[in-house]
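Peer 1: Dropping a structure here in C-alpha coordinates format, bear with me for questions.
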Amino acid sequence: MTTGEEVAVMARPGRAEPPVAPVEVLLDQPPSPVPTTPSVQSRALAHLLMNGLRPIGDRMRITRNPALHLVREAFDTVGWTPVPRGTKVRVVDEDSGGGAVRGAWITGRGADDGNGVLLHLHGGGFVFGSPRTHRHFAAALSIATGRPAFLVHYRRAPEHPYPAAADDALAAYRWLLATGYRAEQIVVAGDSAGGHLTASLLAELSRRRLPMPAAAVLFSPFLDLTGAELDDRDAVRRDPFVPPQRARECGQSYAGELAVDSRRLDVLSAPKRRWPPLLIQVGDTECLLGDSERMAESVRAAGGHCELQVWPGQVHVFPAFYPVVPEGRAAIRYVGDFLRSAAAVTVAA
(Lines give C-alpha, C1' and ligand atoms only; values in the text may rest on other atoms or scores of the structure.)
Protein backbone atom coordinates (compact mmCIF):
# COMPACT_ATOMS: atom_id res chain seq x y z
CA MET A 1 0.00 0.00 0.00
CA THR A 2 1.15 3.47 -0.65
CA THR A 3 0.70 4.66 2.93
CA GLY A 4 1.03 2.69 6.18
CA GLU A 5 0.49 -1.03 6.49
CA GLU A 6 -0.99 -3.04 3.68
CA VAL A 7 -4.58 -4.13 4.18
CA ALA A 8 -4.76 -7.87 4.04
CA VAL A 9 -8.07 -8.38 2.28
CA MET A 10 -8.10 -7.65 -1.46
CA ALA A 11 -11.34 -6.39 -3.00
CA ARG A 12 -12.53 -8.44 -5.93
CA PRO A 13 -14.32 -6.40 -8.59
CA GLY A 14 -17.62 -7.91 -9.57
CA ARG A 15 -18.04 -9.91 -6.35
CA ALA A 16 -21.55 -10.38 -4.95
CA GLU A 17 -22.41 -7.72 -2.41
CA PRO A 18 -24.41 -8.43 0.77
CA PRO A 19 -27.89 -6.93 1.06
CA VAL A 20 -27.84 -3.55 2.75
CA ALA A 21 -30.57 -2.25 5.04
CA PRO A 22 -32.11 1.09 4.06
CA VAL A 23 -29.55 3.79 4.72
CA GLU A 24 -32.22 6.30 5.78
CA VAL A 25 -32.95 4.07 8.78
CA LEU A 26 -29.39 3.18 9.75
CA LEU A 27 -27.49 6.43 9.18
CA ASP A 28 -26.89 8.23 12.47
CA GLN A 29 -26.83 11.69 10.95
CA PRO A 30 -24.94 14.32 12.97
CA PRO A 31 -26.64 17.65 13.75
CA SER A 32 -26.63 20.12 10.87
CA PRO A 33 -24.07 22.93 11.22
CA VAL A 34 -25.77 25.20 8.64
CA PRO A 35 -26.25 28.69 10.13
CA THR A 36 -29.23 30.95 9.47
CA THR A 37 -27.14 33.93 8.32
CA PRO A 38 -23.67 34.28 6.73
CA SER A 39 -20.68 35.47 8.71
CA VAL A 40 -18.99 38.84 8.20
CA GLN A 41 -16.07 37.02 6.57
CA SER A 42 -18.39 35.24 4.11
CA ARG A 43 -20.05 38.51 3.14
CA ALA A 44 -16.64 40.08 2.56
CA LEU A 45 -15.49 37.16 0.41
CA ALA A 46 -18.63 37.28 -1.73
CA HIS A 47 -18.22 41.05 -2.18
CA LEU A 48 -14.56 40.64 -3.16
CA LEU A 49 -15.34 37.96 -5.74
CA MET A 50 -18.35 39.81 -7.12
CA ASN A 51 -16.37 42.98 -7.75
CA GLY A 52 -12.99 41.45 -8.59
CA LEU A 53 -13.17 38.03 -10.21
CA ARG A 54 -16.70 37.89 -11.67
CA PRO A 55 -16.25 40.87 -14.05
CA ILE A 56 -13.10 39.25 -15.46
CA GLY A 57 -14.90 35.93 -15.91
CA ASP A 58 -17.75 37.64 -17.73
CA ARG A 59 -15.37 38.94 -20.39
CA MET A 60 -12.66 36.29 -20.75
CA ARG A 61 -13.11 33.03 -22.66
CA ILE A 62 -10.98 30.61 -20.67
CA THR A 63 -10.68 27.50 -22.82
CA ARG A 64 -8.56 29.07 -25.57
CA ASN A 65 -4.93 30.09 -25.44
CA PRO A 66 -3.46 32.42 -24.30
CA ALA A 67 -6.35 32.86 -21.84
CA LEU A 68 -6.27 29.19 -20.81
CA HIS A 69 -2.57 29.38 -19.99
CA LEU A 70 -3.10 32.55 -17.96
CA VAL A 71 -6.05 31.08 -16.06
CA ARG A 72 -4.14 27.91 -15.24
CA GLU A 73 -1.14 29.89 -14.02
CA ALA A 74 -3.35 32.19 -11.94
CA PHE A 75 -5.28 29.30 -10.44
CA ASP A 76 -2.04 27.51 -9.58
CA THR A 77 -1.14 30.40 -7.29
CA VAL A 78 -3.76 28.95 -4.93
CA GLY A 79 -1.21 26.18 -4.46
CA TRP A 80 0.82 28.56 -2.36
CA THR A 81 -1.91 28.45 0.32
CA PRO A 82 -0.13 26.82 3.28
CA VAL A 83 -1.25 23.32 4.14
CA PRO A 84 -2.02 22.61 7.80
CA ARG A 85 1.02 21.92 9.95
CA GLY A 86 2.11 18.30 9.97
CA THR A 87 0.69 17.50 6.53
CA LYS A 88 2.67 15.01 4.44
CA VAL A 89 2.59 15.14 0.64
CA ARG A 90 3.81 12.33 -1.63
CA VAL A 91 3.53 12.34 -5.42
CA VAL A 92 2.36 9.22 -7.27
CA ASP A 93 2.99 8.52 -10.96
CA GLU A 94 2.68 4.89 -12.01
CA ASP A 95 0.97 2.47 -14.37
CA SER A 96 -1.64 0.48 -12.49
CA GLY A 97 -2.30 -1.98 -15.29
CA GLY A 98 -5.77 -0.50 -15.60
CA GLY A 99 -4.40 2.84 -16.74
CA ALA A 100 -1.90 5.44 -15.59
CA VAL A 101 -2.46 6.76 -12.09
CA ARG A 102 -1.11 10.18 -11.22
CA GLY A 103 -1.77 12.27 -8.17
CA ALA A 104 -0.61 12.96 -4.64
CA TRP A 105 -1.15 11.41 -1.26
CA ILE A 106 -2.12 14.16 1.17
CA THR A 107 -1.92 12.91 4.73
CA GLY A 108 -3.05 15.34 7.39
CA ARG A 109 -1.97 15.34 11.00
CA GLY A 110 -3.47 12.34 12.80
CA ALA A 111 -4.73 10.65 9.63
CA ASP A 112 -4.27 6.88 9.48
CA ASP A 113 -4.94 4.60 6.53
CA GLY A 114 -6.37 2.11 9.00
CA ASN A 115 -9.41 4.38 8.91
CA GLY A 116 -9.62 4.06 5.12
CA VAL A 117 -8.88 6.53 2.35
CA LEU A 118 -10.49 9.57 0.74
CA LEU A 119 -10.35 9.72 -3.06
CA HIS A 120 -10.63 13.39 -4.05
CA LEU A 121 -11.44 14.67 -7.55
CA HIS A 122 -10.61 18.36 -7.80
CA GLY A 123 -12.58 21.08 -9.53
CA GLY A 124 -11.60 23.67 -12.10
CA GLY A 125 -14.21 23.35 -14.82
CA PHE A 126 -12.42 20.26 -16.23
CA VAL A 127 -9.83 22.64 -17.76
CA PHE A 128 -7.71 23.89 -14.85
CA GLY A 129 -6.90 22.92 -11.29
CA SER A 130 -4.49 20.23 -10.09
CA PRO A 131 -3.26 18.52 -6.91
CA ARG A 132 -1.24 21.67 -6.32
CA THR A 133 -4.30 23.95 -6.27
CA HIS A 134 -6.31 21.63 -4.01
CA ARG A 135 -3.77 20.17 -1.63
CA HIS A 136 -4.69 22.60 1.20
CA PHE A 137 -8.35 21.56 0.82
CA ALA A 138 -7.49 17.85 0.66
CA ALA A 139 -5.28 18.24 3.75
CA ALA A 140 -8.15 19.77 5.73
CA LEU A 141 -10.44 16.94 4.61
CA SER A 142 -7.78 14.40 5.58
CA ILE A 143 -7.59 15.83 9.09
CA ALA A 144 -11.38 15.99 9.47
CA THR A 145 -11.95 12.44 8.24
CA GLY A 146 -8.84 10.88 9.80
CA ARG A 147 -8.00 9.37 6.39
CA PRO A 148 -5.17 9.98 3.93
CA ALA A 149 -6.51 11.68 0.80
CA PHE A 150 -5.47 10.65 -2.68
CA LEU A 151 -5.80 13.69 -4.92
CA VAL A 152 -6.10 12.52 -8.52
CA HIS A 153 -4.12 14.40 -11.19
CA TYR A 154 -6.51 13.65 -14.03
CA ARG A 155 -6.10 14.76 -17.64
CA ARG A 156 -7.76 18.07 -18.44
CA ALA A 157 -9.77 19.44 -21.34
CA PRO A 158 -9.62 20.78 -23.98
CA GLU A 159 -6.43 18.82 -24.73
CA HIS A 160 -8.02 15.68 -23.27
CA PRO A 161 -11.84 15.75 -23.57
CA TYR A 162 -14.24 13.12 -22.25
CA PRO A 163 -13.72 10.32 -21.33
CA ALA A 164 -10.10 11.06 -20.32
CA ALA A 165 -10.79 12.53 -16.86
CA ALA A 166 -13.54 9.99 -16.13
CA ASP A 167 -11.23 7.14 -17.13
CA ASP A 168 -8.51 8.52 -14.84
CA ALA A 169 -10.96 8.66 -11.92
CA LEU A 170 -11.99 5.04 -12.50
CA ALA A 171 -8.33 3.96 -12.84
CA ALA A 172 -7.52 5.62 -9.51
CA TYR A 173 -10.42 3.90 -7.76
CA ARG A 174 -9.49 0.48 -9.14
CA TRP A 175 -5.86 1.15 -8.21
CA LEU A 176 -6.90 1.73 -4.59
CA LEU A 177 -8.75 -1.59 -4.64
CA ALA A 178 -5.73 -3.32 -6.18
CA THR A 179 -3.38 -1.94 -3.50
CA GLY A 180 -5.50 -3.53 -0.79
CA TYR A 181 -8.23 -1.11 0.25
CA ARG A 182 -11.66 -2.67 0.45
CA ALA A 183 -14.46 -0.73 -1.17
CA GLU A 184 -16.07 -0.04 2.21
CA GLN A 185 -12.82 1.65 3.30
CA ILE A 186 -12.99 4.17 0.42
CA VAL A 187 -14.96 7.41 0.36
CA VAL A 188 -15.04 9.72 -2.66
CA ALA A 189 -15.28 13.52 -2.76
CA GLY A 190 -15.36 16.03 -5.58
CA ASP A 191 -15.76 19.78 -5.88
CA SER A 192 -17.35 21.63 -8.81
CA ALA A 193 -16.36 19.73 -11.98
CA GLY A 194 -14.89 17.11 -9.64
CA GLY A 195 -18.45 16.63 -8.42
CA HIS A 196 -19.44 15.60 -11.94
CA LEU A 197 -16.48 13.21 -12.05
CA THR A 198 -17.55 11.75 -8.69
CA ALA A 199 -21.11 11.19 -9.90
CA SER A 200 -19.78 9.78 -13.18
CA LEU A 201 -17.55 7.38 -11.23
CA LEU A 202 -20.47 6.14 -9.14
CA ALA A 203 -22.55 5.66 -12.28
CA GLU A 204 -19.75 3.71 -13.94
CA LEU A 205 -19.17 1.51 -10.89
CA SER A 206 -22.88 0.72 -10.85
CA ARG A 207 -22.91 -0.04 -14.57
CA ARG A 208 -19.92 -2.39 -14.28
CA ARG A 209 -21.26 -3.99 -11.07
CA LEU A 210 -18.08 -3.03 -9.23
CA PRO A 211 -18.15 -2.56 -5.45
CA MET A 212 -19.29 0.88 -4.33
CA PRO A 213 -17.40 3.15 -1.93
CA ALA A 214 -18.81 3.69 1.56
CA ALA A 215 -20.00 7.24 0.84
CA ALA A 216 -19.49 10.28 -1.36
CA VAL A 217 -19.42 14.06 -0.87
CA LEU A 218 -20.11 16.70 -3.51
CA PHE A 219 -19.05 20.31 -2.97
CA SER A 220 -20.96 22.75 -5.23
CA PRO A 221 -21.10 20.15 -8.02
CA PHE A 222 -21.31 21.12 -11.70
CA LEU A 223 -23.60 18.34 -12.94
CA ASP A 224 -25.73 19.59 -15.83
CA LEU A 225 -23.21 20.41 -18.55
CA THR A 226 -25.90 22.08 -20.65
CA GLY A 227 -26.13 24.88 -18.09
CA ALA A 228 -29.86 25.02 -18.79
CA GLU A 229 -30.88 26.78 -15.56
CA LEU A 230 -27.86 28.99 -15.00
CA ASP A 231 -28.92 32.19 -16.75
CA ASP A 232 -32.33 32.27 -15.06
CA ARG A 233 -30.82 31.75 -11.62
CA ASP A 234 -28.08 34.28 -12.25
CA ALA A 235 -30.67 36.84 -13.33
CA VAL A 236 -32.55 36.43 -10.04
CA ARG A 237 -29.41 36.43 -7.89
CA ARG A 238 -26.08 37.18 -9.47
CA ASP A 239 -23.46 34.52 -8.67
CA PRO A 240 -20.38 36.20 -7.15
CA PHE A 241 -18.00 33.60 -8.58
CA VAL A 242 -19.28 31.58 -11.57
CA PRO A 243 -20.44 33.26 -14.82
CA PRO A 244 -23.00 30.99 -16.54
CA GLN A 245 -21.37 31.40 -19.95
CA ARG A 246 -18.00 30.23 -18.58
CA ALA A 247 -19.60 27.17 -17.00
CA ARG A 248 -21.21 26.21 -20.32
CA GLU A 249 -17.91 26.83 -22.10
CA CYS A 250 -16.13 24.45 -19.74
CA GLY A 251 -18.85 21.83 -20.12
CA GLN A 252 -18.57 21.95 -23.90
CA SER A 253 -14.78 21.76 -23.69
CA TYR A 254 -15.01 18.61 -21.59
CA ALA A 255 -17.69 17.03 -23.81
CA GLY A 256 -15.49 17.47 -26.89
CA GLU A 257 -17.22 15.86 -29.87
CA LEU A 258 -20.10 14.56 -27.75
CA ALA A 259 -23.24 16.59 -27.17
CA VAL A 260 -23.26 18.02 -23.65
CA ASP A 261 -26.67 16.40 -23.06
CA SER A 262 -25.59 12.96 -24.24
CA ARG A 263 -26.51 9.99 -22.06
CA ARG A 264 -22.89 9.29 -21.13
CA LEU A 265 -22.49 12.79 -19.67
CA ASP A 266 -25.93 13.12 -18.08
CA VAL A 267 -25.13 12.08 -14.51
CA LEU A 268 -28.42 13.49 -13.21
CA SER A 269 -30.37 10.89 -15.18
CA ALA A 270 -28.02 7.97 -14.41
CA PRO A 271 -29.58 5.06 -12.45
CA LYS A 272 -28.80 5.49 -8.74
CA ARG A 273 -30.23 2.41 -7.06
CA ARG A 274 -26.86 1.17 -5.77
CA TRP A 275 -25.33 4.53 -4.89
CA PRO A 276 -23.84 4.97 -1.42
CA PRO A 277 -24.94 7.70 1.05
CA LEU A 278 -24.33 11.15 -0.42
CA LEU A 279 -23.68 14.56 1.15
CA ILE A 280 -23.96 17.73 -0.94
CA GLN A 281 -22.78 21.11 0.34
CA VAL A 282 -23.60 24.17 -1.74
CA GLY A 283 -24.03 27.93 -1.24
CA ASP A 284 -27.32 29.73 -1.86
CA THR A 285 -25.54 32.40 -3.96
CA GLU A 286 -24.62 29.85 -6.65
CA CYS A 287 -26.17 29.67 -10.10
CA LEU A 288 -25.29 25.95 -9.90
CA LEU A 289 -27.58 25.41 -6.90
CA GLY A 290 -30.20 23.73 -9.11
CA ASP A 291 -27.72 20.99 -10.03
CA SER A 292 -27.41 20.04 -6.34
CA GLU A 293 -31.16 20.13 -5.81
CA ARG A 294 -31.85 17.88 -8.80
CA MET A 295 -29.15 15.42 -7.76
CA ALA A 296 -30.62 15.15 -4.27
CA GLU A 297 -34.09 14.54 -5.72
CA SER A 298 -32.72 11.91 -8.12
CA VAL A 299 -30.92 9.95 -5.39
CA ARG A 300 -33.90 10.04 -3.04
CA ALA A 301 -36.27 8.98 -5.82
CA ALA A 302 -34.08 5.89 -6.28
CA GLY A 303 -34.41 5.04 -2.58
CA GLY A 304 -30.94 6.30 -1.61
CA HIS A 305 -29.77 8.68 1.08
CA CYS A 306 -28.75 12.20 0.09
CA GLU A 307 -28.29 15.04 2.55
CA LEU A 308 -28.41 18.41 0.81
CA GLN A 309 -27.03 21.38 2.77
CA VAL A 310 -27.68 24.84 1.31
CA TRP A 311 -25.49 27.33 3.18
CA PRO A 312 -26.70 30.97 3.25
CA GLY A 313 -24.44 33.59 1.69
CA GLN A 314 -21.78 31.09 0.64
CA VAL A 315 -19.95 31.11 -2.69
CA HIS A 316 -18.94 28.30 -5.03
CA VAL A 317 -16.95 25.57 -3.19
CA PHE A 318 -16.88 27.69 -0.03
CA PRO A 319 -15.27 24.94 2.13
CA ALA A 320 -12.06 25.45 0.12
CA PHE A 321 -11.96 28.98 1.58
CA TYR A 322 -11.76 27.58 5.12
CA PRO A 323 -8.62 29.60 6.02
CA VAL A 324 -10.72 32.79 5.93
CA VAL A 325 -14.37 31.65 6.18
CA PRO A 326 -15.63 30.05 9.42
CA GLU A 327 -18.47 28.32 7.55
CA GLY A 328 -15.81 26.52 5.50
CA ARG A 329 -14.26 25.09 8.65
CA ALA A 330 -17.66 24.06 10.04
CA ALA A 331 -18.60 22.39 6.74
CA ILE A 332 -15.37 20.38 6.67
CA ARG A 333 -15.83 19.23 10.27
CA TYR A 334 -19.31 18.03 9.34
CA VAL A 335 -17.92 16.10 6.37
CA GLY A 336 -15.75 14.16 8.82
CA ASP A 337 -18.75 13.36 11.03
CA PHE A 338 -20.92 12.39 8.07
CA LEU A 339 -18.34 10.07 6.54
CA ARG A 340 -17.61 8.34 9.84
CA SER A 341 -21.33 7.72 10.31
CA ALA A 342 -21.80 6.48 6.73
CA ALA A 343 -18.73 4.25 6.91
CA ALA A 344 -19.96 2.72 10.16
CA VAL A 345 -23.29 1.88 8.53
CA THR A 346 -21.55 0.28 5.54
CA VAL A 347 -19.27 -1.86 7.74
CA ALA A 348 -22.19 -2.92 9.94
CA ALA A 349 -24.24 -3.88 6.89
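Each chain in the C-alpha coordinates gets a letter, A, B, ..., in the order shown, and its residues are numbered from 1; ligands are numbered from 1 in order too.
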Report as JSON lines the residues of stretch 189-294 of chain A within 10 Å of stretch 37-52 of chain A, each with its shortest atom pair and distance in Å (one decimal), using only C-alpha atoms, ordered by chain and increasing residue number.

Peer 2:
{"residue": "A:Arg238", "atom": "CA", "partner": "A:Met50", "partner_atom": "CA", "distance": 8.5}
{"residue": "A:Asp239", "atom": "CA", "partner": "A:Met50", "partner_atom": "CA", "distance": 7.5}
{"residue": "A:Pro240", "atom": "CA", "partner": "A:Met50", "partner_atom": "CA", "distance": 4.1}
{"residue": "A:Phe241", "atom": "CA", "partner": "A:Leu49", "partner_atom": "CA", "distance": 5.8}
{"residue": "A:Val242", "atom": "CA", "partner": "A:Met50", "partner_atom": "CA", "distance": 9.4}
{"residue": "A:Thr285", "atom": "CA", "partner": "A:Ala46", "partner_atom": "CA", "distance": 8.7}

Peer 1: Set the distance at 8 Å and use only C-alpha atoms: which residues neighbour A:Pro158 once local chain neighbours fewer than 3 positions away are removed? I'd like the list as a PDB file with all heavy atoms, in the first residue's frame.

Peer 2:
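What ended up in part.pdb:
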ATOM      1  N   THR A  63     -11.122  28.798 -22.291  1.00  0.00           N
ATOM      2  CA  THR A  63     -10.683  27.504 -22.824  1.00  0.00           C
ATOM      3  C   THR A  63      -9.821  27.639 -24.070  1.00  0.00           C
ATOM      4  O   THR A  63      -9.516  26.645 -24.720  1.00  0.00           O
ATOM      5  CB  THR A  63     -11.892  26.603 -23.135  1.00  0.00           C
ATOM      6  OG1 THR A  63     -12.729  27.246 -24.094  1.00  0.00           O
ATOM      7  CG2 THR A  63     -12.677  26.317 -21.873  1.00  0.00           C
ATOM      8  N   VAL A 127     -10.894  22.079 -16.920  1.00  0.00           N
ATOM      9  CA  VAL A 127      -9.834  22.642 -17.760  1.00  0.00           C
ATOM     10  C   VAL A 127      -8.643  23.180 -16.965  1.00  0.00           C
ATOM     11  O   VAL A 127      -7.572  23.378 -17.522  1.00  0.00           O
ATOM     12  CB  VAL A 127     -10.370  23.751 -18.693  1.00  0.00           C
ATOM     13  CG1 VAL A 127     -11.466  23.214 -19.595  1.00  0.00           C
ATOM     14  CG2 VAL A 127     -10.874  24.950 -17.910  1.00  0.00           C
ATOM     15  N   PRO A 161     -10.399  15.716 -23.870  1.00  0.00           N
ATOM     16  CA  PRO A 161     -11.840  15.751 -23.569  1.00  0.00           C
ATOM     17  C   PRO A 161     -12.322  14.405 -23.031  1.00  0.00           C
ATOM     18  O   PRO A 161     -11.563  13.439 -22.925  1.00  0.00           O
ATOM     19  CB  PRO A 161     -12.464  16.070 -24.931  1.00  0.00           C
ATOM     20  CG  PRO A 161     -11.491  15.524 -25.930  1.00  0.00           C
ATOM     21  CD  PRO A 161     -10.128  15.719 -25.322  1.00  0.00           C
ATOM     22  N   SER A 253     -16.184  22.137 -23.517  1.00  0.00           N
ATOM     23  CA  SER A 253     -14.785  21.764 -23.692  1.00  0.00           C
ATOM     24  C   SER A 253     -14.540  20.333 -23.230  1.00  0.00           C
ATOM     25  O   SER A 253     -13.827  19.559 -23.883  1.00  0.00           O
ATOM     26  CB  SER A 253     -13.896  22.739 -22.917  1.00  0.00           C
ATOM     27  OG  SER A 253     -12.538  22.418 -23.071  1.00  0.00           O
ATOM     28  N   TYR A 254     -15.168  19.965 -22.112  1.00  0.00           N
ATOM     29  CA  TYR A 254     -15.014  18.609 -21.594  1.00  0.00           C
ATOM     30  C   TYR A 254     -15.725  17.596 -22.485  1.00  0.00           C
ATOM     31  O   TYR A 254     -15.208  16.507 -22.742  1.00  0.00           O
ATOM     32  CB  TYR A 254     -15.565  18.536 -20.174  1.00  0.00           C
ATOM     33  CG  TYR A 254     -15.542  17.165 -19.555  1.00  0.00           C
ATOM     34  CD1 TYR A 254     -14.362  16.437 -19.443  1.00  0.00           C
ATOM     35  CD2 TYR A 254     -16.711  16.575 -19.057  1.00  0.00           C
ATOM     36  CE1 TYR A 254     -14.329  15.178 -18.869  1.00  0.00           C
ATOM     37  CE2 TYR A 254     -16.690  15.319 -18.481  1.00  0.00           C
ATOM     38  CZ  TYR A 254     -15.503  14.624 -18.396  1.00  0.00           C
ATOM     39  OH  TYR A 254     -15.480  13.364 -17.825  1.00  0.00           O
ATOM     40  N   GLY A 256     -16.204  17.695 -25.638  1.00  0.00           N
ATOM     41  CA  GLY A 256     -15.490  17.469 -26.888  1.00  0.00           C
ATOM     42  C   GLY A 256     -16.457  17.268 -28.043  1.00  0.00           C
ATOM     43  O   GLY A 256     -17.308  18.112 -28.306  1.00  0.00           O
TER      44      GLY A 256
END

Peer 1: May I have the residues within 8 Å of A:Thr145 as a count of residues only, using only C-alpha atoms and disregarding those fewer than 4 positions away in the same chain?

Peer 2: 7

Peer 1: What parts of stretch 202-304 of chain A does DSSP call helix (DSSP H, G or I)? I'd like the answer as an NGL selection string.

Peer 2: :A and (202-208 or 230-236 or 244-255 or 267-269 or 289-301)

Peer 1: Select, from A:Gln252, A:Thr107, A:Asn115, A:Ser96, the residue with the minimum atom-to-atom distance to A:Leu170, counting only C-alpha atoms.

Peer 2: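 Checking each of A:Gln252, A:Thr107, A:Asn115, A:Ser96 against A:Leu170, counting only C-alpha atoms, the winner is A:Ser96.
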
Peer 1: Quick one: residues within 9 Å of A:His136, only C-alpha atoms counted, chain neighbours fewer than 6 positions away excluded, as number ranges by chain?

Peer 2: A: 78-84, 106, 320

Peer 1: So, counting only C-alpha atoms, which residue among A:His134, A:Arg182, A:Arg72, A:Arg102 is closest to A:His153?

Peer 2: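 Using only C-alpha atoms, A:His153 sits closest to A:Arg102.
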
Peer 1: Kindly give the distance, in Å, that separates atom CA of A:Arg207 and atom CA of A:Arg300, rounded to a single decimal.

Peer 2: 18.9 Å

Peer 1: Pull the strand (DSSP E or B) assignments for stretch 97-309 of chain A out of DSSP run on the backbone, and list those residues as a PyMOL selection string.

Peer 2: chain A and resi 100-107+117-121+149-152+186-191+215-219+278-283+306-309

Peer 1: Just the number, please: distance in Å from atom CA of A:Glu327 to atom CA of A:Ser32, one decimal.

Peer 2: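 Taking atom CA of A:Glu327 as the start and atom CA of A:Ser32 as the end point, the length is 12.0 Å.
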
Peer 1: May I ask which of the residues A:Ala259, A:Val188, A:Leu218, A:Cys250 is the closest one to A:Asp291, counting only C-alpha atoms?

Peer 2: A:Leu218

Peer 1: At a cut-off of 12 Å, using only C-alpha atoms, what residues contact A:Gly190? Leave out same-chain residues fewer than 2 positions from it and give the result as a ChimeraX atom specification.

Peer 2: /A:118-126,134,137-138,141,149-152,169,187-188,192-202,215-223,278-281,317,319-320

Peer 1: Of the candidates A:Arg329, A:Arg273, A:Arg59, A:His316, which one gets nearest to A:Gly303 if we count only C-alpha atoms?

Peer 2: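 Of A:Arg329, A:Arg273, A:Arg59, A:His316, the one nearest A:Gly303 is A:Arg273, counting only C-alpha atoms.
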
Peer 1: Could you please determine the separation between atom CA of A:Trp275 and atom CA of A:Ala100 in Å, to one decimal place?

Peer 2: 25.8 Å

Peer 1: Excluding same-chain residues fewer than 4 positions from A:Arg264, what lies within 10 Å of it counting only C-alpha atoms, as a JSON list (two decimals) with all heavy atoms, in the first residue's frame?

Peer 2:
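Saved to result25.json:
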[["chain", "number", "residue", "atom", "x", "y", "z"],
["A", 162, "TYR", "N", -13.62, 14.36, -22.71],
["A", 162, "TYR", "CA", -14.24, 13.12, -22.25],
["A", 162, "TYR", "C", -13.95, 11.98, -23.22],
["A", 162, "TYR", "O", -13.96, 12.19, -24.44],
["A", 162, "TYR", "CB", -15.75, 13.33, -22.15],
["A", 162, "TYR", "CG", -16.50, 12.10, -21.67],
["A", 162, "TYR", "CD1", -16.64, 11.83, -20.32],
["A", 162, "TYR", "CD2", -17.06, 11.22, -22.59],
["A", 162, "TYR", "CE1", -17.32, 10.71, -19.90],
["A", 162, "TYR", "CE2", -17.73, 10.09, -22.16],
["A", 162, "TYR", "CZ", -17.86, 9.84, -20.82],
["A", 162, "TYR", "OH", -18.52, 8.71, -20.40],
["A", 163, "PRO", "N", -13.60, 10.78, -22.71],
["A", 163, "PRO", "CA", -13.72, 10.32, -21.33],
["A", 163, "PRO", "C", -12.41, 10.33, -20.54],
["A", 163, "PRO", "O", -12.28, 9.57, -19.56],
["A", 163, "PRO", "CB", -14.22, 8.89, -21.50],
["A", 163, "PRO", "CG", -13.48, 8.42, -22.73],
["A", 163, "PRO", "CD", -13.40, 9.64, -23.64],
["A", 200, "SER", "N", -20.07, 10.63, -12.02],
["A", 200, "SER", "CA", -19.78, 9.78, -13.18],
["A", 200, "SER", "C", -19.11, 8.48, -12.74],
["A", 200, "SER", "O", -19.40, 7.40, -13.28],
["A", 200, "SER", "CB", -18.88, 10.54, -14.16],
["A", 200, "SER", "OG", -18.53, 9.74, -15.26],
["A", 203, "ALA", "N", -21.73, 6.22, -11.21],
["A", 203, "ALA", "CA", -22.55, 5.66, -12.28],
["A", 203, "ALA", "C", -21.82, 4.53, -13.01],
["A", 203, "ALA", "O", -22.41, 3.50, -13.35],
["A", 203, "ALA", "CB", -22.96, 6.75, -13.26],
["A", 204, "GLU", "N", -20.53, 4.72, -13.24],
["A", 204, "GLU", "CA", -19.75, 3.71, -13.94],
["A", 204, "GLU", "C", -19.54, 2.46, -13.09],
["A", 204, "GLU", "O", -19.60, 1.33, -13.58],
["A", 204, "GLU", "CB", -18.40, 4.30, -14.38],
["A", 204, "GLU", "CG", -17.57, 3.40, -15.28],
["A", 204, "GLU", "CD", -18.21, 3.14, -16.64],
["A", 204, "GLU", "OE1", -19.20, 3.83, -16.99],
["A", 204, "GLU", "OE2", -17.73, 2.23, -17.35],
["A", 255, "ALA", "N", -16.91, 17.95, -22.97],
["A", 255, "ALA", "CA", -17.69, 17.03, -23.81],
["A", 255, "ALA", "C", -16.98, 16.73, -25.12],
["A", 255, "ALA", "O", -17.12, 15.64, -25.68],
["A", 255, "ALA", "CB", -19.07, 17.62, -24.09],
["A", 258, "LEU", "N", -18.79, 15.00, -28.20],
["A", 258, "LEU", "CA", -20.10, 14.56, -27.75],
["A", 258, "LEU", "C", -21.01, 15.75, -27.49],
["A", 258, "LEU", "O", -20.53, 16.85, -27.18],
["A", 258, "LEU", "CB", -19.97, 13.76, -26.45],
["A", 258, "LEU", "CG", -19.43, 12.34, -26.52],
["A", 258, "LEU", "CD1", -19.37, 11.76, -25.11],
["A", 258, "LEU", "CD2", -20.32, 11.46, -27.39],
["A", 259, "ALA", "N", -22.28, 15.55, -27.59],
["A", 259, "ALA", "CA", -23.24, 16.59, -27.17],
["A", 259, "ALA", "C", -23.23, 16.66, -25.65],
["A", 259, "ALA", "O", -23.13, 15.62, -24.97],
["A", 259, "ALA", "CB", -24.64, 16.25, -27.68],
["A", 260, "VAL", "N", -23.34, 17.87, -25.10],
["A", 260, "VAL", "CA", -23.26, 18.02, -23.65],
["A", 260, "VAL", "C", -24.44, 17.35, -22.94],
["A", 260, "VAL", "O", -24.35, 17.06, -21.73],
["A", 260, "VAL", "CB", -23.20, 19.51, -23.24],
["A", 260, "VAL", "CG1", -21.86, 20.12, -23.62],
["A", 260, "VAL", "CG2", -24.35, 20.30, -23.85],
["A", 269, "SER", "N", -29.41, 11.91, -14.77],
["A", 269, "SER", "CA", -30.37, 10.89, -15.18],
["A", 269, "SER", "C", -29.84, 9.47, -15.02],
["A", 269, "SER", "O", -30.57, 8.50, -15.29],
["A", 269, "SER", "CB", -30.77, 11.10, -16.65],
["A", 269, "SER", "OG", -31.42, 12.34, -16.81],
["A", 270, "ALA", "N", -28.60, 9.31, -14.57],
["A", 270, "ALA", "CA", -28.02, 7.97, -14.41],
["A", 270, "ALA", "C", -28.77, 7.19, -13.33],
["A", 270, "ALA", "O", -29.20, 7.77, -12.32],
["A", 270, "ALA", "CB", -26.55, 8.09, -14.05]]

Peer 1: Identify which of the residues A:Met212, A:Ala139, A:Leu205, A:Leu265 lies closest to A:Thr226, counting only C-alpha atoms when measuring atom-to-atom distances.

Peer 2: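 Among the listed residues, the smallest separation from A:Thr226 belongs to A:Leu265.
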
Peer 1: Restricting the calculation to only C-alpha atoms, which member of A:Pro244, A:Gly98, A:Pro35, A:Gly251 is positioned closest to A:Arg54?

Peer 2: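 Closest residue, counting only C-alpha atoms: A:Pro244.
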